[in-house]
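Next comes work26.cif, a file with mmCIF, C-alpha atoms (C1' of nucleotides).
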data_coords
loop_
_atom_site.group_PDB
_atom_site.id
_atom_site.type_symbol
_atom_site.label_atom_id
_atom_site.label_comp_id
_atom_site.auth_asym_id
_atom_site.auth_seq_id
_atom_site.Cartn_x
_atom_site.Cartn_y
_atom_site.Cartn_z
ATOM 1 C CA MET X 447 0.000 0.000 0.000
ATOM 2 C CA THR X 448 1.476 3.278 -1.105
ATOM 3 C CA THR X 449 1.913 6.004 1.445
ATOM 4 C CA TYR X 450 2.465 9.727 1.173
ATOM 5 C CA ALA X 451 4.324 12.343 3.133
ATOM 6 C CA PRO X 452 2.241 15.403 4.029
ATOM 7 C CA ALA X 453 3.656 17.479 1.202
ATOM 8 C CA GLU X 454 2.762 14.871 -1.359
ATOM 9 C CA ALA X 455 -0.684 14.282 0.053
ATOM 10 C CA SER X 456 -1.228 18.007 -0.212
ATOM 11 C CA GLU X 457 -0.133 17.982 -3.802
ATOM 12 C CA ARG X 458 -2.321 15.030 -4.721
ATOM 13 C CA THR X 459 -5.459 16.317 -3.062
ATOM 14 C CA GLY X 460 -5.013 19.928 -3.985
ATOM 15 C CA LEU X 461 -5.502 20.959 -0.381
ATOM 16 C CA THR X 462 -2.967 22.803 1.716
ATOM 17 C CA LEU X 463 -1.255 21.115 4.639
ATOM 18 C CA ASP X 464 -3.301 23.302 6.916
ATOM 19 C CA THR X 465 -6.575 22.287 5.345
ATOM 20 C CA LEU X 466 -5.613 18.641 5.416
ATOM 21 C CA ARG X 467 -4.908 18.894 9.129
ATOM 22 C CA TYR X 468 -8.062 20.932 9.583
ATOM 23 C CA TYR X 469 -10.209 18.259 7.962
ATOM 24 C CA GLU X 470 -8.551 15.576 10.013
ATOM 25 C CA ARG X 471 -9.140 17.514 13.224
ATOM 26 C CA LEU X 472 -12.805 17.772 12.346
ATOM 27 C CA GLY X 473 -12.924 14.045 11.870
ATOM 28 C CA LEU X 474 -13.688 14.199 8.158
ATOM 29 C CA PHE X 475 -11.175 11.473 7.625
ATOM 30 C CA GLY X 476 -8.442 9.559 9.326
ATOM 31 C CA PRO X 477 -7.125 9.075 11.886
ATOM 32 C CA VAL X 478 -3.962 9.259 9.857
ATOM 33 C CA ARG X 479 -1.080 6.946 10.715
ATOM 34 C CA ARG X 480 2.010 8.523 12.257
ATOM 35 C CA THR X 481 5.703 7.818 12.377
ATOM 36 C CA THR X 482 7.190 7.283 15.817
ATOM 37 C CA ALA X 483 8.178 10.918 15.664
ATOM 38 C CA GLY X 484 4.568 11.931 15.215
ATOM 39 C CA ARG X 485 4.659 12.840 11.562
ATOM 40 C CA ARG X 486 1.672 12.014 9.433
ATOM 41 C CA VAL X 487 1.804 9.214 6.889
ATOM 42 C CA TYR X 488 -1.149 9.334 4.535
ATOM 43 C CA SER X 489 -2.303 6.097 2.918
ATOM 44 C CA ASP X 490 -3.694 6.085 -0.597
ATOM 45 C CA HIS X 491 -6.984 5.240 1.026
ATOM 46 C CA ASP X 492 -6.740 8.531 2.914
ATOM 47 C CA VAL X 493 -5.925 10.396 -0.243
ATOM 48 C CA ALA X 494 -8.813 8.848 -2.158
ATOM 49 C CA TRP X 495 -11.136 9.649 0.683
ATOM 50 C CA VAL X 496 -10.052 13.254 0.741
ATOM 51 C CA GLY X 497 -10.668 13.316 -2.985
ATOM 52 C CA LEU X 498 -14.268 12.445 -2.325
ATOM 53 C CA LEU X 499 -14.458 15.126 0.351
ATOM 54 C CA VAL X 500 -13.177 17.722 -2.074
ATOM 55 C CA CYS X 501 -15.709 16.608 -4.627
ATOM 56 C CA LEU X 502 -18.566 16.850 -2.167
ATOM 57 C CA ARG X 503 -17.392 20.270 -1.080
ATOM 58 C CA ASN X 504 -17.381 21.309 -4.725
ATOM 59 C CA ALA X 505 -20.930 20.104 -4.826
ATOM 60 C CA GLY X 506 -21.706 22.675 -2.176
ATOM 61 C CA LEU X 507 -21.939 20.454 0.871
ATOM 62 C CA GLY X 508 -20.869 22.191 4.036
ATOM 63 C CA ILE X 509 -18.422 20.877 6.580
ATOM 64 C CA SER X 510 -21.224 19.886 8.906
ATOM 65 C CA ASP X 511 -22.841 17.860 6.123
ATOM 66 C CA LEU X 512 -19.620 15.987 5.646
ATOM 67 C CA GLN X 513 -19.328 15.398 9.361
ATOM 68 C CA ARG X 514 -22.808 13.948 9.496
ATOM 69 C CA LEU X 515 -21.955 11.755 6.558
ATOM 70 C CA MET X 516 -18.816 10.519 8.216
ATOM 71 C CA GLY X 517 -20.769 9.798 11.347
ATOM 72 C CA ARG X 518 -23.127 7.574 9.400
ATOM 73 C CA LEU X 519 -20.307 5.734 7.705
ATOM 74 C CA ARG X 520 -18.305 5.213 10.843
ATOM 75 C CA ASP X 521 -20.637 3.810 13.437
ATOM 76 C CA SER X 522 -22.472 0.760 12.164
ATOM 77 C CA GLY X 523 -22.609 -0.755 8.745
ATOM 78 C CA SER X 524 -25.684 1.407 8.392
ATOM 79 C CA SER X 525 -24.824 2.514 4.916
ATOM 80 C CA THR X 526 -28.563 2.957 4.817
ATOM 81 C CA GLY X 527 -28.758 6.491 6.079
ATOM 82 C CA VAL X 528 -25.917 7.443 3.814
ATOM 83 C CA VAL X 529 -27.834 6.843 0.623
ATOM 84 C CA GLU X 530 -30.648 9.108 1.741
ATOM 85 C CA LEU X 531 -28.201 11.769 2.787
ATOM 86 C CA LEU X 532 -26.480 11.718 -0.549
ATOM 87 C CA GLU X 533 -29.700 11.677 -2.488
ATOM 88 C CA GLU X 534 -30.990 14.611 -0.523
ATOM 89 C CA HIS X 535 -27.910 16.532 -1.504
ATOM 90 C CA ARG X 536 -28.212 15.311 -5.019
ATOM 91 C CA SER X 537 -31.577 16.954 -5.363
ATOM 92 C CA ARG X 538 -30.339 20.036 -3.580
ATOM 93 C CA LEU X 539 -27.553 20.170 -6.111
ATOM 94 C CA HIS X 540 -30.072 19.953 -8.920
ATOM 95 C CA GLY X 541 -31.887 22.880 -7.385
ATOM 96 C CA GLU X 542 -28.684 24.891 -7.238
ATOM 97 C CA ILE X 543 -27.982 24.209 -10.863
ATOM 98 C CA ALA X 544 -31.511 25.234 -11.779
ATOM 99 C CA LYS X 545 -31.128 28.471 -9.834
ATOM 100 C CA MET X 546 -27.887 29.174 -11.599
ATOM 101 C CA SER X 547 -29.465 28.524 -14.952
ATOM 102 C CA VAL X 548 -32.098 31.113 -14.195
ATOM 103 C CA ALA X 549 -29.411 33.573 -13.232
ATOM 104 C CA LEU X 550 -27.653 32.704 -16.446
ATOM 105 C CA ASP X 551 -30.758 33.508 -18.466
ATOM 106 C CA VAL X 552 -31.216 36.811 -16.717
ATOM 107 C CA LEU X 553 -27.566 37.523 -17.352
ATOM 108 C CA ASP X 554 -28.045 36.796 -21.034
ATOM 109 C CA GLY X 555 -30.996 39.141 -21.120
ATOM 110 C CA LYS X 556 -28.974 41.885 -19.492
ATOM 111 C CA ILE X 557 -26.066 41.342 -21.797
ATOM 112 C CA ALA X 558 -28.368 41.692 -24.779
ATOM 113 C CA HIS X 559 -29.837 44.794 -23.227
ATOM 114 C CA TYR X 560 -26.538 46.512 -22.563
ATOM 115 C CA ARG X 561 -25.068 45.459 -25.840
ATOM 116 C CA GLU X 562 -28.001 47.134 -27.515
ATOM 117 C CA ALA X 563 -27.637 50.169 -25.291
ATOM 118 C CA ALA X 564 -23.986 50.383 -26.274
ATOM 119 C CA GLY X 565 -25.139 50.862 -29.850
ATOM 120 C CA GLN X 566 -26.987 54.038 -29.009
ATOM 121 C CA SER X 567 -25.277 56.869 -27.184
ATOM 122 C CA LYS X 568 -27.632 57.122 -24.245
ATOM 123 C CA LYS X 569 -30.441 55.307 -22.514
ATOM 124 C CA MET L 487 -44.279 55.894 -10.061
ATOM 125 C CA THR L 488 -45.041 53.483 -7.295
ATOM 126 C CA THR L 489 -43.034 53.704 -4.122
ATOM 127 C CA TYR L 490 -42.478 51.320 -1.259
ATOM 128 C CA ALA L 491 -41.936 51.629 2.450
ATOM 129 C CA PRO L 492 -38.925 49.709 3.746
ATOM 130 C CA ALA L 493 -41.020 46.818 4.971
ATOM 131 C CA GLU L 494 -42.648 46.378 1.615
ATOM 132 C CA ALA L 495 -39.401 46.685 -0.279
ATOM 133 C CA SER L 496 -38.023 43.982 1.970
ATOM 134 C CA GLU L 497 -40.972 41.763 1.218
ATOM 135 C CA ARG L 498 -40.734 42.296 -2.511
ATOM 136 C CA THR L 499 -37.024 41.727 -2.798
ATOM 137 C CA GLY L 500 -36.826 38.910 -0.295
ATOM 138 C CA LEU L 501 -34.031 40.697 1.530
ATOM 139 C CA THR L 502 -34.151 41.802 5.133
ATOM 140 C CA LEU L 503 -34.229 45.488 6.041
ATOM 141 C CA ASP L 504 -30.700 45.095 7.273
ATOM 142 C CA THR L 505 -29.480 43.591 4.054
ATOM 143 C CA LEU L 506 -31.239 46.250 2.018
ATOM 144 C CA ARG L 507 -29.514 48.963 4.027
ATOM 145 C CA TYR L 508 -26.270 47.043 3.818
ATOM 146 C CA TYR L 509 -26.402 46.912 0.016
ATOM 147 C CA GLU L 510 -27.255 50.572 -0.126
ATOM 148 C CA ARG L 511 -24.351 51.458 2.148
ATOM 149 C CA LEU L 512 -22.025 49.534 -0.142
ATOM 150 C CA GLY L 513 -23.337 51.517 -3.062
ATOM 151 C CA LEU L 514 -24.889 48.533 -4.820
ATOM 152 C CA PHE L 515 -27.920 50.659 -5.515
ATOM 153 C CA GLY L 516 -29.558 53.930 -4.636
ATOM 154 C CA PRO L 517 -29.184 56.454 -3.231
ATOM 155 C CA VAL L 518 -32.697 55.856 -2.026
ATOM 156 C CA ARG L 519 -35.038 58.796 -1.651
ATOM 157 C CA ARG L 520 -36.006 59.835 1.865
ATOM 158 C CA THR L 521 -38.922 61.480 3.581
ATOM 159 C CA THR L 522 -38.199 64.723 5.397
ATOM 160 C CA ALA L 523 -37.915 62.634 8.524
ATOM 161 C CA GLY L 524 -35.178 60.584 6.932
ATOM 162 C CA ARG L 525 -37.098 57.426 6.232
ATOM 163 C CA ARG L 526 -36.369 55.533 3.074
ATOM 164 C CA VAL L 527 -38.788 55.523 0.187
ATOM 165 C CA TYR L 528 -37.916 52.866 -2.365
ATOM 166 C CA SER L 529 -38.978 53.405 -5.968
ATOM 167 C CA ASP L 530 -39.979 50.478 -8.142
ATOM 168 C CA HIS L 531 -36.812 51.161 -10.045
ATOM 169 C CA ASP L 532 -34.903 50.517 -6.830
ATOM 170 C CA VAL L 533 -36.822 47.330 -6.228
ATOM 171 C CA ALA L 534 -36.235 46.043 -9.749
ATOM 172 C CA TRP L 535 -32.579 46.853 -9.453
ATOM 173 C CA VAL L 536 -32.270 44.956 -6.213
ATOM 174 C CA GLY L 537 -33.997 42.067 -7.949
ATOM 175 C CA LEU L 538 -31.156 41.974 -10.430
ATOM 176 C CA LEU L 539 -28.638 42.158 -7.593
ATOM 177 C CA VAL L 540 -30.248 39.175 -5.911
ATOM 178 C CA CYS L 541 -30.168 37.281 -9.158
ATOM 179 C CA LEU L 542 -26.512 38.010 -9.706
ATOM 180 C CA ARG L 543 -25.729 36.968 -6.170
ATOM 181 C CA ASN L 544 -27.574 33.714 -6.820
ATOM 182 C CA ALA L 545 -25.324 33.352 -9.801
ATOM 183 C CA GLY L 546 -22.419 33.365 -7.414
ATOM 184 C CA LEU L 547 -21.115 36.881 -7.968
ATOM 185 C CA GLY L 548 -19.520 38.341 -4.875
ATOM 186 C CA ILE L 549 -20.275 41.724 -3.410
ATOM 187 C CA SER L 550 -17.107 43.165 -4.883
ATOM 188 C CA ASP L 551 -18.118 41.970 -8.343
ATOM 189 C CA LEU L 552 -21.389 43.797 -7.981
ATOM 190 C CA GLN L 553 -19.600 46.908 -6.822
ATOM 191 C CA ARG L 554 -17.351 46.852 -9.844
ATOM 192 C CA LEU L 555 -20.376 46.399 -12.039
ATOM 193 C CA MET L 556 -22.137 49.336 -10.447
ATOM 194 C CA GLY L 557 -19.046 51.419 -10.920
ATOM 195 C CA ARG L 558 -19.094 50.695 -14.637
ATOM 196 C CA LEU L 559 -22.759 51.520 -14.928
ATOM 197 C CA ARG L 560 -22.573 54.710 -12.915
ATOM 198 C CA ASP L 561 -19.756 56.718 -14.322
ATOM 199 C CA SER L 562 -20.052 57.149 -18.038
ATOM 200 C CA GLY L 563 -22.418 55.603 -20.490
ATOM 201 C CA SER L 564 -19.659 53.026 -20.878
ATOM 202 C CA SER L 565 -22.035 50.135 -20.934
ATOM 203 C CA THR L 566 -19.166 48.640 -22.849
ATOM 204 C CA GLY L 567 -17.205 47.240 -19.955
ATOM 205 C CA VAL L 568 -20.388 45.914 -18.469
ATOM 206 C CA VAL L 569 -21.003 43.430 -21.228
ATOM 207 C CA GLU L 570 -17.551 41.942 -20.820
ATOM 208 C CA LEU L 571 -17.950 41.766 -17.097
ATOM 209 C CA LEU L 572 -21.236 39.953 -17.374
ATOM 210 C CA GLU L 573 -19.974 37.598 -20.044
ATOM 211 C CA GLU L 574 -16.954 36.775 -17.978
ATOM 212 C CA HIS L 575 -19.234 35.805 -15.145
ATOM 213 C CA ARG L 576 -21.468 33.978 -17.513
ATOM 214 C CA SER L 577 -18.669 31.649 -18.455
ATOM 215 C CA ARG L 578 -17.593 31.383 -14.872
ATOM 216 C CA LEU L 579 -21.124 30.333 -14.093
ATOM 217 C CA HIS L 580 -20.970 27.685 -16.776
ATOM 218 C CA GLY L 581 -17.822 26.401 -15.178
ATOM 219 C CA GLU L 582 -19.512 26.193 -11.807
ATOM 220 C CA ILE L 583 -22.387 24.265 -13.259
ATOM 221 C CA ALA L 584 -19.988 21.889 -14.950
ATOM 222 C CA LYS L 585 -18.132 21.358 -11.686
ATOM 223 C CA MET L 586 -21.371 20.647 -9.945
ATOM 224 C CA SER L 587 -22.373 18.183 -12.613
ATOM 225 C CA VAL L 588 -19.170 16.294 -12.025
ATOM 226 C CA ALA L 589 -19.869 16.258 -8.321
ATOM 227 C CA LEU L 590 -23.331 15.021 -9.139
ATOM 228 C CA ASP L 591 -21.948 12.143 -11.136
ATOM 229 C CA VAL L 592 -19.566 11.178 -8.391
ATOM 230 C CA LEU L 593 -22.458 11.358 -5.991
ATOM 231 C CA ASP L 594 -24.478 9.045 -8.176
ATOM 232 C CA GLY L 595 -21.595 6.624 -8.266
ATOM 233 C CA LYS L 596 -21.328 6.677 -4.510
ATOM 234 C CA ILE L 597 -25.034 6.223 -4.055
ATOM 235 C CA ALA L 598 -24.939 3.183 -6.298
ATOM 236 C CA HIS L 599 -21.972 1.911 -4.361
ATOM 237 C CA TYR L 600 -23.546 2.298 -0.942
ATOM 238 C CA ARG L 601 -26.896 1.038 -2.059
ATOM 239 C CA GLU L 602 -25.164 -2.088 -3.225
ATOM 240 C CA ALA L 603 -23.222 -2.307 -0.001
ATOM 241 C CA ALA L 604 -26.469 -2.042 1.935
ATOM 242 C CA GLY L 605 -27.569 -5.219 0.207
ATOM 243 C CA GLN L 606 -24.729 -7.217 1.702
ATOM 244 C CA SER L 607 -24.133 -7.231 5.453
ATOM 245 C CA LYS L 608 -20.570 -5.990 5.424
ATOM 246 C CA LYS L 609 -18.011 -4.495 3.156
ATOM 247 C "C1'" DC Z 551 27.978 19.120 15.358
ATOM 248 C "C1'" DT Z 552 25.493 22.478 12.698
ATOM 249 C "C1'" DG Z 553 22.247 23.785 9.462
ATOM 250 C "C1'" DC Z 554 18.294 23.341 7.187
ATOM 251 C "C1'" DG Z 555 13.845 22.223 5.809
ATOM 252 C "C1'" DA Z 556 9.791 19.553 6.505
ATOM 253 C "C1'" DC Z 557 6.787 18.814 9.957
ATOM 254 C "C1'" DC Z 558 4.325 19.231 14.635
ATOM 255 C "C1'" DT Z 559 0.762 21.772 18.032
ATOM 256 C "C1'" DG Z 560 -2.742 24.992 19.842
ATOM 257 C "C1'" DG Z 561 -4.636 28.960 19.079
ATOM 258 C "C1'" DA Z 562 -5.314 33.473 16.930
ATOM 259 C "C1'" DG Z 563 -6.539 35.937 12.701
ATOM 260 C "C1'" DT Z 564 -8.983 36.666 8.125
ATOM 261 C "C1'" DG Z 565 -12.551 37.670 4.648
ATOM 262 C "C1'" DC Z 566 -17.105 37.333 3.421
ATOM 263 C "C1'" DG Z 567 -21.821 38.397 3.906
ATOM 264 C "C1'" DC Z 568 -24.675 39.359 6.508
ATOM 265 C "C1'" DT Z 569 -27.234 39.987 11.275
ATOM 266 C "C1'" DC Z 570 -28.050 42.016 15.598
ATOM 267 C "C1'" DC Z 571 -28.169 45.649 18.918
ATOM 268 C "C1'" DA Z 572 -28.635 49.983 21.680
ATOM 269 C "C1'" DG Z 573 -30.372 54.137 21.751
ATOM 270 C "C1'" DG Z 574 -32.988 57.418 19.416
ATOM 271 C "C1'" DT Z 575 -36.800 59.696 16.187
ATOM 272 C "C1'" DC Z 576 -41.154 59.929 14.156
ATOM 273 C "C1'" DA Z 577 -46.278 59.030 12.795
ATOM 274 C "C1'" DA Z 578 -50.497 57.406 13.819
ATOM 275 C "C1'" DC Z 579 -53.936 55.652 16.858
ATOM 276 C "C1'" DT Z 580 -56.759 55.891 21.304
ATOM 277 C "C1'" DA P 801 -50.918 63.160 26.002
ATOM 278 C "C1'" DG P 802 -49.421 58.487 25.865
ATOM 279 C "C1'" DT P 803 -48.345 54.259 23.667
ATOM 280 C "C1'" DT P 804 -47.230 51.581 19.969
ATOM 281 C "C1'" DG P 805 -44.559 50.154 16.158
ATOM 282 C "C1'" DA P 806 -41.923 51.122 12.057
ATOM 283 C "C1'" DC P 807 -37.828 53.154 11.096
ATOM 284 C "C1'" DC P 808 -33.121 55.506 11.762
ATOM 285 C "C1'" DT P 809 -27.677 55.232 12.794
ATOM 286 C "C1'" DG P 810 -23.079 53.448 13.800
ATOM 287 C "C1'" DG P 811 -20.897 49.804 15.212
ATOM 288 C "C1'" DA P 812 -20.309 45.193 17.238
ATOM 289 C "C1'" DG P 813 -20.935 40.236 16.562
ATOM 290 C "C1'" DC P 814 -21.443 35.878 14.067
ATOM 291 C "C1'" DG P 815 -20.744 31.495 11.322
ATOM 292 C "C1'" DC P 816 -18.173 29.482 7.918
ATOM 293 C "C1'" DA P 817 -14.049 27.684 6.041
ATOM 294 C "C1'" DC P 818 -10.051 28.267 6.102
ATOM 295 C "C1'" DT P 819 -5.197 30.401 6.868
ATOM 296 C "C1'" DC P 820 -1.437 31.940 9.460
ATOM 297 C "C1'" DC P 821 1.727 32.014 13.253
ATOM 298 C "C1'" DA P 822 5.011 31.185 17.135
ATOM 299 C "C1'" DG P 823 7.614 28.121 19.110
ATOM 300 C "C1'" DG P 824 9.198 23.545 19.068
ATOM 301 C "C1'" DT P 825 10.863 18.687 17.179
ATOM 302 C "C1'" DC P 826 12.922 15.535 13.923
ATOM 303 C "C1'" DG P 827 16.099 13.662 10.302
ATOM 304 C "C1'" DC P 828 19.439 14.099 7.133
ATOM 305 C "C1'" DA P 829 23.454 16.513 4.418
ATOM 306 C "C1'" DG P 830 27.793 18.524 4.872
#

Once you've parsed the file, please lay out its structure as structure tokens.
Amino acid sequence: MTTYAPAEASERTGLTLDTLRYYERLGLFGPVRRTTAGRRVYSDHDVAWVGLLVCLRNAGLGISDLQRLMGRLRDSGSSTGVVELLEEHRSRLHGEIAKMSVALDVLDGKIAHYREAAGQSKK
Amino acid sequence: MTTYAPAEASERTGLTLDTLRYYERLGLFGPVRRTTAGRRVYSDHDVAWVGLLVCLRNAGLGISDLQRLMGRLRDSGSSTGVVELLEEHRSRLHGEIAKMSVALDVLDGKIAHYREAAGQSKK
DNA sequence: CTGCGACCTGGAGTGCGCTCCAGGTCAACT
DNA sequence: AGTTGACCTGGAGCGCACTCCAGGTCGCAG
């Protein structure tokens, strides 16, 4: 099993060392193995997991959402609640996209409007 | 020209009184007319304008983006820069949506994964 | 043995976008 | 005249998600 020093884990996940530690502190992943000297040794499992975290954050989930999710996954093999949680966020995500699309349309309208206005000298 | 008391403007825009005042302070719209006693009287032009602001915020534009936009619109009839600004954000918005779609796909994958896992007792 | 750089910790600081508050004014109702 | 209640101001406070920092430890190269 491949392992990574902090710097490399940072590079692979795209998160800073600080953020990596921050996420670990919050229990979003880990606990991460340590050397006898106390230095972190990330497994590729850790790195993959963080990849998922990043993805979910991109999807607009907040830290507390992720914590809840981790809670579900940790205690019990109750993967059951997890599916609902994810699906809930899936639909939320759809809503977000819809909202953005509306904004996009309005934006298009405004662009057309101002482009037209630019043709004439004044309003 | 219809006018609105603060409470009604709040209702129509969906923003709180505080947020309305906040946006005004930042110069995102206005200046709003006042009664002799100093109370705000919003015009329907104000309200419509705030509607656009809300929409742009939904689209993910930050306060500073909006300020820059207002700057362009205020000084000069240079509606020119405005179009570019909006188009830039339009493409940014597309990017966001794309990113979210990716997250959505990953989410779907995970849901499938956990749903399957729920079928068996353990990993 | 001395540097040096990567890493450690706990905690303070940052930027954003509001949100709340105290203390005051004003208009209308009873 | 008194009592609401909507509104005013300037400024403090908040929640989120980091981000930075001081002060210290470790391991290796020279």

Would you tabulate, counting only C-alpha atoms (C1' of nucleotides), all residues of chain P that have an atom at most 12 Å from an atom of chain L, showing the closest pair of atoms and their distance in Å to one decimal, sorted by chain then ascending number, as a Markdown table?
| residue | atom | partner | partner_atom | distance |
| --- | --- | --- | --- | --- |
| P:DA806 | C1' | L:Ala493 | CA | 8.3 |
| P:DC807 | C1' | L:Arg525 | CA | 6.5 |
| P:DC808 | C1' | L:Arg525 | CA | 7.1 |
| P:DT809 | C1' | L:Gly524 | CA | 10.9 |
| P:DG810 | C1' | L:Arg511 | CA | 11.9 |

Atom-to-atom span, atom CA of X:Val552 and atom CA of L:Leu514, Å:
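Between these atoms lies a distance of 17.9 Å.
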
Expansion of the PyMOL selection byres ((chain L) within 9 of (chain X)) into residues, as JSON, numbers by chain:
{"L": [538, 541, 542, 543, 544, 545, 546, 563, 564, 565, 566, 568, 569, 570, 572, 573, 575, 576, 579, 580, 582, 583, 585, 586, 587, 588, 589, 590, 592, 593, 594, 596, 597, 598, 600, 601, 603, 604, 607, 608, 609]}

Please report, as a tab-separated table, each residue of chain Z lying at most 9 Å from chain L, together with the nearest pair of atoms and the separation in Å rounded to one decimal; use all atoms listed in the file, and order rows by chain and ascending residue number.
residue	atom	partner	partner_atom	distance
Z:DC566	C1'	L:Gly548	CA	8.7
Z:DG567	C1'	L:Ile549	CA	8.2
Z:DC568	C1'	L:Thr505	CA	6.9
Z:DT569	C1'	L:Asp504	CA	7.4
Z:DT575	C1'	L:Ala523	CA	8.3
Z:DC576	C1'	L:Ala523	CA	7.0

Selected by the PyMOL selection byres ((chain Z and resi 571) around 9) in the shown coordinates: which residues, as a VMD selection string?
(chain Z and resid 570 572) or (chain P and resid 812)
